[in-house]
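Trainee: This is the content of protein33.txt (compact mmCIF, C-alpha atoms):
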# COMPACT_ATOMS: atom_id res chain seq x y z
CA ASP X 1 9.83 -15.45 95.60
CA THR X 2 8.88 -15.55 99.27
CA GLY X 3 5.36 -15.21 100.48
CA VAL X 4 3.95 -13.19 103.35
CA SER X 5 5.93 -13.95 106.47
CA GLN X 6 4.58 -13.66 110.01
CA ASN X 7 6.16 -14.15 113.38
CA PRO X 8 5.91 -15.41 115.93
CA ARG X 9 3.70 -18.21 114.71
CA HIS X 10 2.44 -18.92 118.20
CA LYS X 11 2.27 -16.79 121.31
CA ILE X 12 0.89 -17.66 124.71
CA THR X 13 0.57 -14.75 127.08
CA LYS X 14 -1.00 -13.94 130.39
CA ARG X 15 -3.99 -11.65 130.49
CA GLY X 16 -2.93 -8.06 130.82
CA GLN X 17 0.38 -8.46 129.02
CA ASN X 18 1.24 -6.75 125.75
CA VAL X 19 2.05 -8.69 122.61
CA THR X 20 3.42 -7.69 119.24
CA PHE X 21 3.22 -9.51 115.93
CA ARG X 22 5.29 -8.79 112.89
CA CYS X 23 4.43 -9.17 109.23
CA ASP X 24 6.75 -9.00 106.25
CA PRO X 25 4.68 -8.69 103.07
CA ILE X 26 5.63 -9.92 99.65
CA SER X 27 8.31 -7.57 98.41
CA GLU X 28 7.02 -4.66 96.35
CA HIS X 29 3.46 -5.15 97.56
CA ASN X 30 2.45 -1.76 98.76
CA ARG X 31 -0.83 -2.81 100.34
CA LEU X 32 -0.82 -4.68 103.64
CA TYR X 33 -3.77 -5.96 105.63
CA TRP X 34 -4.41 -7.43 109.05
CA TYR X 35 -7.26 -9.83 109.67
CA ARG X 36 -8.35 -11.76 112.74
CA GLN X 37 -9.80 -15.26 112.72
CA THR X 38 -11.39 -17.06 115.64
CA LEU X 39 -12.17 -20.77 115.74
CA GLY X 40 -14.95 -21.79 113.40
CA GLN X 41 -15.17 -18.40 111.77
CA GLY X 42 -13.82 -16.81 108.64
CA PRO X 43 -11.23 -14.05 108.82
CA GLU X 44 -12.40 -10.55 109.72
CA PHE X 45 -10.78 -7.39 108.47
CA LEU X 46 -8.94 -5.27 111.03
CA THR X 47 -6.96 -2.65 109.15
CA TYR X 48 -4.98 -1.91 106.03
CA PHE X 49 -2.02 0.15 104.90
CA GLN X 50 -1.06 1.60 101.59
CA ASN X 51 2.65 2.08 101.88
CA GLU X 52 3.14 3.59 105.34
CA ALA X 53 -0.30 5.15 105.59
CA GLN X 54 -2.97 3.39 107.61
CA LEU X 55 -6.03 4.09 105.52
CA GLU X 56 -8.80 2.14 107.16
CA LYS X 57 -9.52 0.59 110.52
CA SER X 58 -12.36 -1.72 111.41
CA ARG X 59 -14.43 -1.07 114.51
CA LEU X 60 -13.04 -4.41 115.68
CA LEU X 61 -9.74 -2.64 116.23
CA SER X 62 -10.22 -1.35 119.74
CA ASP X 63 -7.97 1.26 121.28
CA ARG X 64 -5.86 -1.52 122.76
CA PHE X 65 -4.78 -2.46 119.25
CA SER X 66 -2.27 -0.47 117.27
CA ALA X 67 -0.72 -1.24 113.92
CA GLU X 68 2.19 0.43 112.26
CA ARG X 69 4.03 0.13 109.01
CA PRO X 70 7.11 2.30 109.21
CA LYS X 71 8.75 2.99 105.87
CA GLY X 72 6.04 1.08 104.09
CA SER X 73 7.75 -2.29 104.43
CA PHE X 74 7.08 -4.63 107.37
CA SER X 75 4.20 -4.06 109.74
CA THR X 76 3.61 -4.67 113.43
CA LEU X 77 0.38 -5.28 115.27
CA GLU X 78 0.50 -4.63 118.99
CA ILE X 79 -2.18 -5.61 121.45
CA GLN X 80 -1.96 -3.95 124.82
CA ARG X 81 -3.46 -5.29 128.04
CA THR X 82 -4.52 -8.51 126.38
CA GLU X 83 -7.85 -10.08 127.25
CA GLN X 84 -8.99 -13.67 126.81
CA GLY X 85 -11.25 -12.53 124.01
CA ASP X 86 -8.20 -11.52 122.02
CA SER X 87 -7.31 -15.19 121.59
CA ALA X 88 -7.38 -15.75 117.85
CA MET X 89 -5.21 -16.15 114.80
CA TYR X 90 -3.96 -12.86 113.41
CA LEU X 91 -3.45 -13.01 109.69
CA CYS X 92 -1.45 -10.62 107.61
CA ALA X 93 -1.96 -10.26 103.88
CA SER X 94 -0.54 -8.18 101.09
CA SER X 95 -1.37 -7.22 97.56
CA PRO X 96 0.20 -5.14 94.81
CA HIS X 97 -1.12 -1.79 93.77
CA TRP X 98 -3.35 -1.81 90.71
CA PRO X 99 -5.05 1.00 88.89
CA THR X 100 -8.58 -0.35 89.02
CA SER X 101 -10.62 -2.64 91.20
CA SER X 102 -11.05 -5.26 88.51
CA GLY X 103 -8.70 -7.71 90.12
CA ASN X 104 -7.22 -7.83 93.57
CA THR X 105 -5.69 -11.11 94.62
CA ILE X 106 -4.84 -10.94 98.30
CA TYR X 107 -2.03 -13.17 99.55
CA PHE X 108 -2.13 -14.30 103.15
CA GLY X 109 0.59 -15.37 105.52
CA GLU X 110 0.53 -18.40 107.81
CA GLY X 111 -0.89 -16.39 110.67
CA SER X 112 0.13 -15.79 114.26
CA TRP X 113 -1.80 -17.70 116.88
CA LEU X 114 -2.44 -15.84 120.12
CA THR X 115 -3.63 -17.59 123.26
CA VAL X 116 -4.37 -15.42 126.25
CA VAL X 117 -4.52 -17.34 129.54
CA SER I 1 -23.33 -7.02 106.16
CA GLN I 2 -21.68 -8.32 103.03
CA GLN I 3 -20.48 -11.47 104.69
CA GLY I 4 -20.73 -14.48 102.45
CA GLU I 5 -22.10 -17.78 103.51
CA GLU I 6 -20.74 -21.10 102.37
CA ASP I 7 -22.89 -24.15 102.02
CA PRO I 8 -22.68 -26.87 103.16
CA GLN I 9 -20.85 -26.24 106.41
CA ALA I 10 -19.29 -29.68 106.16
CA LEU I 11 -18.81 -32.10 103.29
CA SER I 12 -17.41 -35.62 103.48
CA ILE I 13 -16.59 -37.58 100.32
CA GLN I 14 -14.41 -40.40 99.03
CA GLU I 15 -11.27 -39.87 97.00
CA GLY I 16 -12.05 -39.58 93.33
CA GLU I 17 -15.46 -38.02 93.86
CA ASN I 18 -16.25 -34.43 93.00
CA ALA I 19 -16.86 -31.84 95.70
CA THR I 20 -19.13 -28.87 95.21
CA MET I 21 -19.31 -25.95 97.60
CA ASN I 22 -21.55 -22.95 97.31
CA CYS I 23 -21.28 -19.37 98.42
CA SER I 24 -23.92 -16.68 98.67
CA TYR I 25 -23.40 -13.00 99.35
CA LYS I 26 -25.55 -9.97 99.85
CA THR I 27 -24.42 -6.92 97.91
CA SER I 28 -22.82 -6.17 94.57
CA ILE I 29 -19.21 -7.16 94.13
CA ASN I 30 -16.23 -6.43 91.94
CA ASN I 31 -14.87 -9.92 92.28
CA LEU I 32 -15.05 -13.07 94.38
CA GLN I 33 -12.17 -15.20 95.56
CA TRP I 34 -11.92 -18.72 96.92
CA TYR I 35 -9.34 -19.69 99.51
CA ARG I 36 -8.29 -22.96 101.13
CA GLN I 37 -7.14 -23.26 104.71
CA ASN I 38 -5.56 -26.33 106.20
CA SER I 39 -6.10 -26.76 109.91
CA GLY I 40 -4.13 -24.19 111.87
CA ARG I 41 -2.54 -22.71 108.77
CA GLY I 42 -2.93 -19.57 106.72
CA LEU I 43 -5.13 -19.07 103.71
CA VAL I 44 -4.04 -20.19 100.29
CA HIS I 45 -5.51 -18.32 97.35
CA LEU I 46 -7.18 -20.63 94.86
CA ILE I 47 -8.95 -18.55 92.27
CA LEU I 48 -10.41 -15.11 91.62
CA ILE I 49 -13.42 -14.53 89.41
CA ARG I 50 -14.46 -11.07 88.32
CA SER I 51 -18.04 -9.88 88.41
CA ASN I 52 -18.22 -9.89 84.60
CA GLU I 53 -17.07 -13.50 84.39
CA ARG I 54 -19.36 -16.48 84.67
CA GLU I 55 -16.95 -19.39 84.88
CA LYS I 56 -13.30 -19.92 85.49
CA HIS I 57 -11.07 -22.98 85.60
CA SER I 58 -7.77 -23.71 87.29
CA GLY I 59 -6.53 -27.27 87.19
CA ARG I 60 -9.10 -29.43 89.00
CA LEU I 61 -11.00 -26.35 90.17
CA ARG I 62 -14.01 -24.86 88.46
CA VAL I 63 -15.67 -21.73 89.79
CA THR I 64 -18.93 -20.27 88.62
CA LEU I 65 -20.45 -16.91 89.45
CA ASP I 66 -24.07 -15.85 89.11
CA THR I 67 -24.32 -12.19 90.03
CA SER I 68 -28.07 -12.16 89.51
CA LYS I 69 -28.43 -14.74 92.27
CA LYS I 70 -25.45 -13.40 94.22
CA SER I 71 -23.94 -16.84 94.40
CA SER I 72 -20.85 -18.75 93.42
CA SER I 73 -19.82 -22.37 93.42
CA LEU I 74 -16.49 -24.13 93.68
CA LEU I 75 -16.16 -27.56 92.14
CA ILE I 76 -13.17 -29.74 92.89
CA THR I 77 -13.01 -32.66 90.50
CA ALA I 78 -11.40 -36.02 91.24
CA SER I 79 -10.78 -35.08 94.86
CA ARG I 80 -7.76 -36.30 96.80
CA ALA I 81 -7.14 -36.78 100.50
CA ALA I 82 -4.81 -33.76 100.29
CA ASP I 83 -7.81 -31.59 99.40
CA THR I 84 -9.07 -31.99 102.97
CA ALA I 85 -9.30 -28.44 104.28
CA SER I 86 -11.69 -25.57 104.93
CA TYR I 87 -12.74 -23.60 101.88
CA PHE I 88 -13.78 -19.97 102.09
CA CYS I 89 -15.25 -17.59 99.60
CA ALA I 90 -14.38 -13.95 100.00
CA THR I 91 -15.99 -10.95 98.40
CA ASP I 92 -15.37 -7.27 98.32
CA ALA I 93 -18.21 -4.78 98.72
CA GLY I 94 -18.44 -3.61 95.15
CA ARG I 95 -17.82 -0.26 93.55
CA GLY I 96 -16.07 2.21 95.80
CA SER I 97 -15.23 -0.34 98.44
CA THR I 98 -11.81 -0.56 100.04
CA LEU I 99 -9.53 -2.54 97.75
CA GLY I 100 -8.48 -5.67 99.53
CA ARG I 101 -11.06 -5.48 102.26
CA LEU I 102 -12.59 -8.92 101.97
CA TYR I 103 -15.64 -10.40 103.59
CA PHE I 104 -15.49 -14.08 104.45
CA GLY I 105 -18.09 -16.63 105.40
CA ARG I 106 -17.56 -19.39 107.92
CA GLY I 107 -16.28 -21.79 105.30
CA THR I 108 -17.00 -25.33 104.21
CA GLN I 109 -15.01 -28.06 105.93
CA LEU I 110 -14.20 -30.64 103.27
CA THR I 111 -13.01 -34.10 104.30
CA VAL I 112 -11.82 -36.46 101.61
CA TRP I 113 -11.44 -40.06 102.71
CA PRO I 114 -8.82 -42.26 101.08
Before we go any further, please render this structure as structure tokens.
Mentor:
Amino acid sequence: DTGVSQNPRHKITKRGQNVTFRCDPISEHNRLYWYRQTLGQGPEFLTYFQNEAQLEKSRLLSDRFSAERPKGSFSTLEIQRTEQGDSAMYLCASSPHWPTSSGNTIYFGEGSWLTVV
Amino acid sequence: SQQGEEDPQALSIQEGENATMNCSYKTSINNLQWYRQNSGRGLVHLILIRSNEREKHSGRLRVTLDTSKKSSSLLITASRAADTASYFCATDAGRGSTLGRLYFGRGTQLTVWP
């Protein structure tokens, strides 16, 4: 039983370049989430998918950010025209569907570190 | 904001001692989760406690929840050096909130000395 897989684990890029991160959720989890974490802070929600549908986006997700989940399996998070302020760890998480909100364990991946220089 | 706050921000203890971390939040919740994060790594889920539960155990972990005070505590008994990590509590935003949208505090950095 594999966990949430993210790659690359580390990415250093020059300001203005585009970067893309990939997330493979736990198999059969139909909910997938992206969070961002900066040093000394807790993770912050960016967006989430139920199957292939992107159902919610945080205001943190500027128009330079786009996330997709084609076919409801893996997901990609692309950041265009990167800025130094984008430097952070991008965490992907997944969870199974459940009929009520009485229990929702969210499983996180190891994260993808982005450094914009 | 629903963001939780952990207290203390940092905790340093000797192996064998117990470690207690607290979390406060602002609005009603459906459940509260505790996570551990080793430096530079992802988050590892420790325990989930539902809003109608008051206490939950998992191995050396004991979590309590007081919804009237909007607070939770995580107790790690007989700590080990391997418990050194940051600990985060995460809440949802209660009834009608997006399932899986969690709100985290800044965490408690626990250091356990051998």
Trainee: I'd like the contact shell of stretch 70-81 of chain X - 8 Å cut-off, only C-alpha atoms, skipping same-chain residues fewer than 3 positions apart - returned as a PyMOL selection string.
Mentor: chain X and resi 15-25+30+32+50-53+64-67
Trainee: Listing only residues of chain X within 12 Å of chain I, what is the closest atom pair and its distance in Å (to one decimal) for each, using only C-alpha atoms, sorted by chain and residue number ascending, as a Markdown table?
Mentor:
| residue | atom | partner | partner_atom | distance |
| --- | --- | --- | --- | --- |
| X:Gly3 | CA | I:Val44 | CA | 10.6 |
| X:Val4 | CA | I:Gly42 | CA | 10.0 |
| X:Ser5 | CA | I:Gly42 | CA | 10.5 |
| X:Gln6 | CA | I:Gly42 | CA | 10.1 |
| X:Arg9 | CA | I:Arg41 | CA | 9.7 |
| X:His10 | CA | I:Gly40 | CA | 10.5 |
| X:Asn30 | CA | I:Gly100 | CA | 11.6 |
| X:Arg31 | CA | I:Gly100 | CA | 8.2 |
| X:Leu32 | CA | I:Gly100 | CA | 8.7 |
| X:Tyr33 | CA | I:Gly100 | CA | 7.7 |
| X:Trp34 | CA | I:Arg101 | CA | 9.7 |
| X:Tyr35 | CA | I:Arg101 | CA | 9.4 |
| X:Arg36 | CA | I:Phe104 | CA | 11.2 |
| X:Gln37 | CA | I:Arg106 | CA | 10.0 |
| X:Thr38 | CA | I:Arg106 | CA | 10.2 |
| X:Leu39 | CA | I:Gly40 | CA | 9.6 |
| X:Gly40 | CA | I:Arg106 | CA | 6.5 |
| X:Gln41 | CA | I:Arg106 | CA | 4.6 |
| X:Gly42 | CA | I:Arg106 | CA | 4.6 |
| X:Pro43 | CA | I:Phe104 | CA | 6.1 |
| X:Glu44 | CA | I:Tyr103 | CA | 6.9 |
| X:Phe45 | CA | I:Arg101 | CA | 6.5 |
| X:Leu46 | CA | I:Arg101 | CA | 9.0 |
| X:Thr47 | CA | I:Arg101 | CA | 8.5 |
| X:Tyr48 | CA | I:Arg101 | CA | 8.0 |
| X:Phe49 | CA | I:Gly100 | CA | 10.2 |
| X:Gln50 | CA | I:Leu99 | CA | 10.2 |
| X:Leu55 | CA | I:Thr98 | CA | 9.2 |
| X:Glu56 | CA | I:Thr98 | CA | 8.2 |
| X:Lys57 | CA | I:Arg101 | CA | 10.4 |
| X:Ser58 | CA | I:Arg101 | CA | 10.0 |
| X:Ala88 | CA | I:Gly40 | CA | 10.8 |
| X:Met89 | CA | I:Gly40 | CA | 8.6 |
| X:Tyr90 | CA | I:Gly42 | CA | 9.5 |
| X:Leu91 | CA | I:Gly42 | CA | 7.2 |
| X:Cys92 | CA | I:Gly42 | CA | 9.1 |
| X:Ala93 | CA | I:Gly100 | CA | 9.1 |
| X:Ser94 | CA | I:Gly100 | CA | 8.5 |
| X:Ser95 | CA | I:Gly100 | CA | 7.5 |
| X:Pro96 | CA | I:Gly100 | CA | 9.9 |
| X:His97 | CA | I:Leu99 | CA | 9.3 |
| X:Trp98 | CA | I:Leu99 | CA | 9.4 |
| X:Pro99 | CA | I:Leu99 | CA | 10.5 |
| X:Thr100 | CA | I:Leu99 | CA | 9.1 |
| X:Ser101 | CA | I:Leu99 | CA | 6.6 |
| X:Ser102 | CA | I:Asn30 | CA | 6.3 |
| X:Gly103 | CA | I:Asn31 | CA | 6.9 |
| X:Asn104 | CA | I:Gly100 | CA | 6.5 |
| X:Thr105 | CA | I:Leu48 | CA | 6.9 |
| X:Ile106 | CA | I:Gly100 | CA | 6.5 |
| X:Tyr107 | CA | I:His45 | CA | 6.6 |
| X:Phe108 | CA | I:Leu43 | CA | 5.7 |
| X:Gly109 | CA | I:Gly42 | CA | 5.6 |
| X:Glu110 | CA | I:Gly42 | CA | 3.8 |
| X:Gly111 | CA | I:Gly42 | CA | 5.5 |
| X:Ser112 | CA | I:Gly42 | CA | 9.0 |
| X:Trp113 | CA | I:Gly40 | CA | 8.5 |
| X:Leu114 | CA | I:Gly40 | CA | 11.9 |
Trainee: Name the closest residue to I:Gln9 among the candidates I:Leu65, I:Ala85, I:Leu110, I:Ile29; distances are taken between atoms, counting only C-alpha atoms.
Mentor: I:Leu110
Trainee: Measuring atom to atom with all atoms listed in the file, identify which of I:Gly59, I:Arg54, I:Ser24, I:Thr108 is nearest to I:Ala78.
Mentor: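 Checking each candidate against I:Ala78, we get I:Gly59 as the closest.
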Trainee: Between atom CA of I:Val112 and atom CA of I:Ala10, what is the distance, to one decimal in Å?
Mentor: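 So the answer is 11.1 Å.
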Trainee: Can you work out the spacing between atom CA of I:Ser68 and atom CA of I:Ser28 in Å, to one decimal?
Mentor: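 Here the two named atoms are 9.4 Å from each other.
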Trainee: Just to confirm, what's the straight-line distance from atom CA of I:Ser79 to atom CA of I:Asn18 in Å (one decimal)?
Mentor: 5.8 Å
Trainee: Saving stretch 72-84 of chain X with all heavy atoms, as a PDB file, in the first residue's frame, what would that file be?
Mentor:
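Wrote it out as result11.pdb, contents follow:
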ATOM      1  N   GLY X  72      -9.039  12.037 -13.046  1.00  0.00           N
ATOM      2  CA  GLY X  72      -9.253  11.780 -11.627  1.00  0.00           C
ATOM      3  C   GLY X  72      -8.195  10.945 -10.953  1.00  0.00           C
ATOM      4  O   GLY X  72      -8.448  10.368  -9.882  1.00  0.00           O
ATOM      5  N   SER X  73      -7.005  10.867 -11.534  1.00  0.00           N
ATOM      6  CA  SER X  73      -5.950  10.065 -10.900  1.00  0.00           C
ATOM      7  C   SER X  73      -4.871  10.997 -10.373  1.00  0.00           C
ATOM      8  O   SER X  73      -5.074  11.661  -9.353  1.00  0.00           O
ATOM      9  CB  SER X  73      -5.391   9.049 -11.884  1.00  0.00           C
ATOM     10  OG  SER X  73      -4.930   9.699 -13.060  1.00  0.00           O
ATOM     11  N   PHE X  74      -3.739  11.105 -11.068  1.00  0.00           N
ATOM     12  CA  PHE X  74      -2.670  11.987 -10.602  1.00  0.00           C
ATOM     13  C   PHE X  74      -3.072  13.442 -10.827  1.00  0.00           C
ATOM     14  O   PHE X  74      -4.025  13.750 -11.567  1.00  0.00           O
ATOM     15  CB  PHE X  74      -1.364  11.670 -11.318  1.00  0.00           C
ATOM     16  CG  PHE X  74      -1.350  12.069 -12.764  1.00  0.00           C
ATOM     17  CD1 PHE X  74      -0.874  13.322 -13.144  1.00  0.00           C
ATOM     18  CD2 PHE X  74      -1.808  11.211 -13.741  1.00  0.00           C
ATOM     19  CE1 PHE X  74      -0.868  13.709 -14.471  1.00  0.00           C
ATOM     20  CE2 PHE X  74      -1.815  11.583 -15.071  1.00  0.00           C
ATOM     21  CZ  PHE X  74      -1.347  12.837 -15.443  1.00  0.00           C
ATOM     22  N   SER X  75      -2.332  14.334 -10.169  1.00  0.00           N
ATOM     23  CA  SER X  75      -2.601  15.756 -10.320  1.00  0.00           C
ATOM     24  C   SER X  75      -1.289  16.485 -10.585  1.00  0.00           C
ATOM     25  O   SER X  75      -0.215  16.023 -10.188  1.00  0.00           O
ATOM     26  CB  SER X  75      -3.247  16.322  -9.055  1.00  0.00           C
ATOM     27  OG  SER X  75      -3.418  17.729  -9.131  1.00  0.00           O
ATOM     28  N   THR X  76      -1.384  17.603 -11.269  1.00  0.00           N
ATOM     29  CA  THR X  76      -0.232  18.475 -11.465  1.00  0.00           C
ATOM     30  C   THR X  76      -0.554  19.870 -10.962  1.00  0.00           C
ATOM     31  O   THR X  76      -1.699  20.326 -11.037  1.00  0.00           O
ATOM     32  CB  THR X  76       0.175  18.562 -12.940  1.00  0.00           C
ATOM     33  OG1 THR X  76      -0.935  19.038 -13.706  1.00  0.00           O
ATOM     34  CG2 THR X  76       0.631  17.211 -13.459  1.00  0.00           C
ATOM     35  N   LEU X  77       0.463  20.500 -10.424  1.00  0.00           N
ATOM     36  CA  LEU X  77       0.367  21.894  -9.996  1.00  0.00           C
ATOM     37  C   LEU X  77       1.441  22.658 -10.752  1.00  0.00           C
ATOM     38  O   LEU X  77       2.623  22.362 -10.616  1.00  0.00           O
ATOM     39  CB  LEU X  77       0.585  22.024  -8.490  1.00  0.00           C
ATOM     40  CG  LEU X  77       0.586  23.447  -7.919  1.00  0.00           C
ATOM     41  CD1 LEU X  77      -0.795  24.080  -8.020  1.00  0.00           C
ATOM     42  CD2 LEU X  77       1.073  23.454  -6.467  1.00  0.00           C
ATOM     43  N   GLU X  78       1.025  23.604 -11.569  1.00  0.00           N
ATOM     44  CA  GLU X  78       1.963  24.390 -12.348  1.00  0.00           C
ATOM     45  C   GLU X  78       1.989  25.817 -11.824  1.00  0.00           C
ATOM     46  O   GLU X  78       0.933  26.404 -11.549  1.00  0.00           O
ATOM     47  CB  GLU X  78       1.600  24.399 -13.836  1.00  0.00           C
ATOM     48  CG  GLU X  78       2.571  25.212 -14.671  1.00  0.00           C
ATOM     49  CD  GLU X  78       2.198  25.300 -16.144  1.00  0.00           C
ATOM     50  OE1 GLU X  78       1.032  25.070 -16.477  1.00  0.00           O
ATOM     51  OE2 GLU X  78       3.107  25.609 -16.949  1.00  0.00           O
ATOM     52  N   ILE X  79       3.185  26.335 -11.703  1.00  0.00           N
ATOM     53  CA  ILE X  79       3.355  27.737 -11.329  1.00  0.00           C
ATOM     54  C   ILE X  79       4.050  28.425 -12.494  1.00  0.00           C
ATOM     55  O   ILE X  79       5.156  28.025 -12.896  1.00  0.00           O
ATOM     56  CB  ILE X  79       4.190  27.905 -10.051  1.00  0.00           C
ATOM     57  CG1 ILE X  79       3.633  27.033  -8.929  1.00  0.00           C
ATOM     58  CG2 ILE X  79       4.211  29.375  -9.630  1.00  0.00           C
ATOM     59  CD1 ILE X  79       4.498  27.018  -7.675  1.00  0.00           C
ATOM     60  N   GLN X  80       3.418  29.413 -13.032  1.00  0.00           N
ATOM     61  CA  GLN X  80       3.996  30.147 -14.155  1.00  0.00           C
ATOM     62  C   GLN X  80       4.680  31.417 -13.649  1.00  0.00           C
ATOM     63  O   GLN X  80       4.265  31.999 -12.639  1.00  0.00           O
ATOM     64  CB  GLN X  80       2.901  30.510 -15.164  1.00  0.00           C
ATOM     65  CG  GLN X  80       2.252  29.289 -15.799  1.00  0.00           C
ATOM     66  CD  GLN X  80       1.176  29.685 -16.811  1.00  0.00           C
ATOM     67  OE1 GLN X  80       0.473  30.669 -16.626  1.00  0.00           O
ATOM     68  NE2 GLN X  80       1.080  28.927 -17.884  1.00  0.00           N
ATOM     69  N   ARG X  81       5.709  31.819 -14.368  1.00  0.00           N
ATOM     70  CA  ARG X  81       6.409  33.067 -14.056  1.00  0.00           C
ATOM     71  C   ARG X  81       6.713  33.143 -12.556  1.00  0.00           C
ATOM     72  O   ARG X  81       6.281  34.062 -11.857  1.00  0.00           O
ATOM     73  CB  ARG X  81       5.580  34.270 -14.506  1.00  0.00           C
ATOM     74  CG  ARG X  81       5.178  34.212 -15.984  1.00  0.00           C
ATOM     75  CD  ARG X  81       4.385  35.444 -16.402  1.00  0.00           C
ATOM     76  NE  ARG X  81       3.181  35.654 -15.599  1.00  0.00           N
ATOM     77  CZ  ARG X  81       2.045  35.003 -15.766  1.00  0.00           C
ATOM     78  NH1 ARG X  81       1.954  34.045 -16.680  1.00  0.00           N
ATOM     79  NH2 ARG X  81       0.995  35.276 -14.998  1.00  0.00           N
ATOM     80  N   THR X  82       7.463  32.174 -12.091  1.00  0.00           N
ATOM     81  CA  THR X  82       7.705  32.069 -10.656  1.00  0.00           C
ATOM     82  C   THR X  82       8.321  33.334 -10.070  1.00  0.00           C
ATOM     83  O   THR X  82       9.100  34.040 -10.734  1.00  0.00           O
ATOM     84  CB  THR X  82       8.621  30.884 -10.338  1.00  0.00           C
ATOM     85  OG1 THR X  82       9.808  30.967 -11.153  1.00  0.00           O
ATOM     86  CG2 THR X  82       7.924  29.567 -10.582  1.00  0.00           C
ATOM     87  N   GLU X  83       7.971  33.588  -8.831  1.00  0.00           N
ATOM     88  CA  GLU X  83       8.494  34.719  -8.073  1.00  0.00           C
ATOM     89  C   GLU X  83       9.157  34.166  -6.818  1.00  0.00           C
ATOM     90  O   GLU X  83       8.868  33.042  -6.388  1.00  0.00           O
ATOM     91  CB  GLU X  83       7.347  35.655  -7.681  1.00  0.00           C
ATOM     92  CG  GLU X  83       6.561  36.192  -8.862  1.00  0.00           C
ATOM     93  CD  GLU X  83       5.333  36.979  -8.446  1.00  0.00           C
ATOM     94  OE1 GLU X  83       5.017  37.018  -7.229  1.00  0.00           O
ATOM     95  OE2 GLU X  83       4.669  37.554  -9.347  1.00  0.00           O
ATOM     96  N   GLN X  84      10.030  34.971  -6.222  1.00  0.00           N
ATOM     97  CA  GLN X  84      10.731  34.511  -5.028  1.00  0.00           C
ATOM     98  C   GLN X  84       9.750  34.157  -3.910  1.00  0.00           C
ATOM     99  O   GLN X  84       9.992  33.241  -3.121  1.00  0.00           O
ATOM    100  CB  GLN X  84      11.740  35.559  -4.569  1.00  0.00           C
ATOM    101  CG  GLN X  84      12.961  35.621  -5.474  1.00  0.00           C
ATOM    102  CD  GLN X  84      14.042  36.543  -4.940  1.00  0.00           C
ATOM    103  OE1 GLN X  84      13.750  37.568  -4.348  1.00  0.00           O
ATOM    104  NE2 GLN X  84      15.285  36.176  -5.177  1.00  0.00           N
TER     105      GLN X  84
END
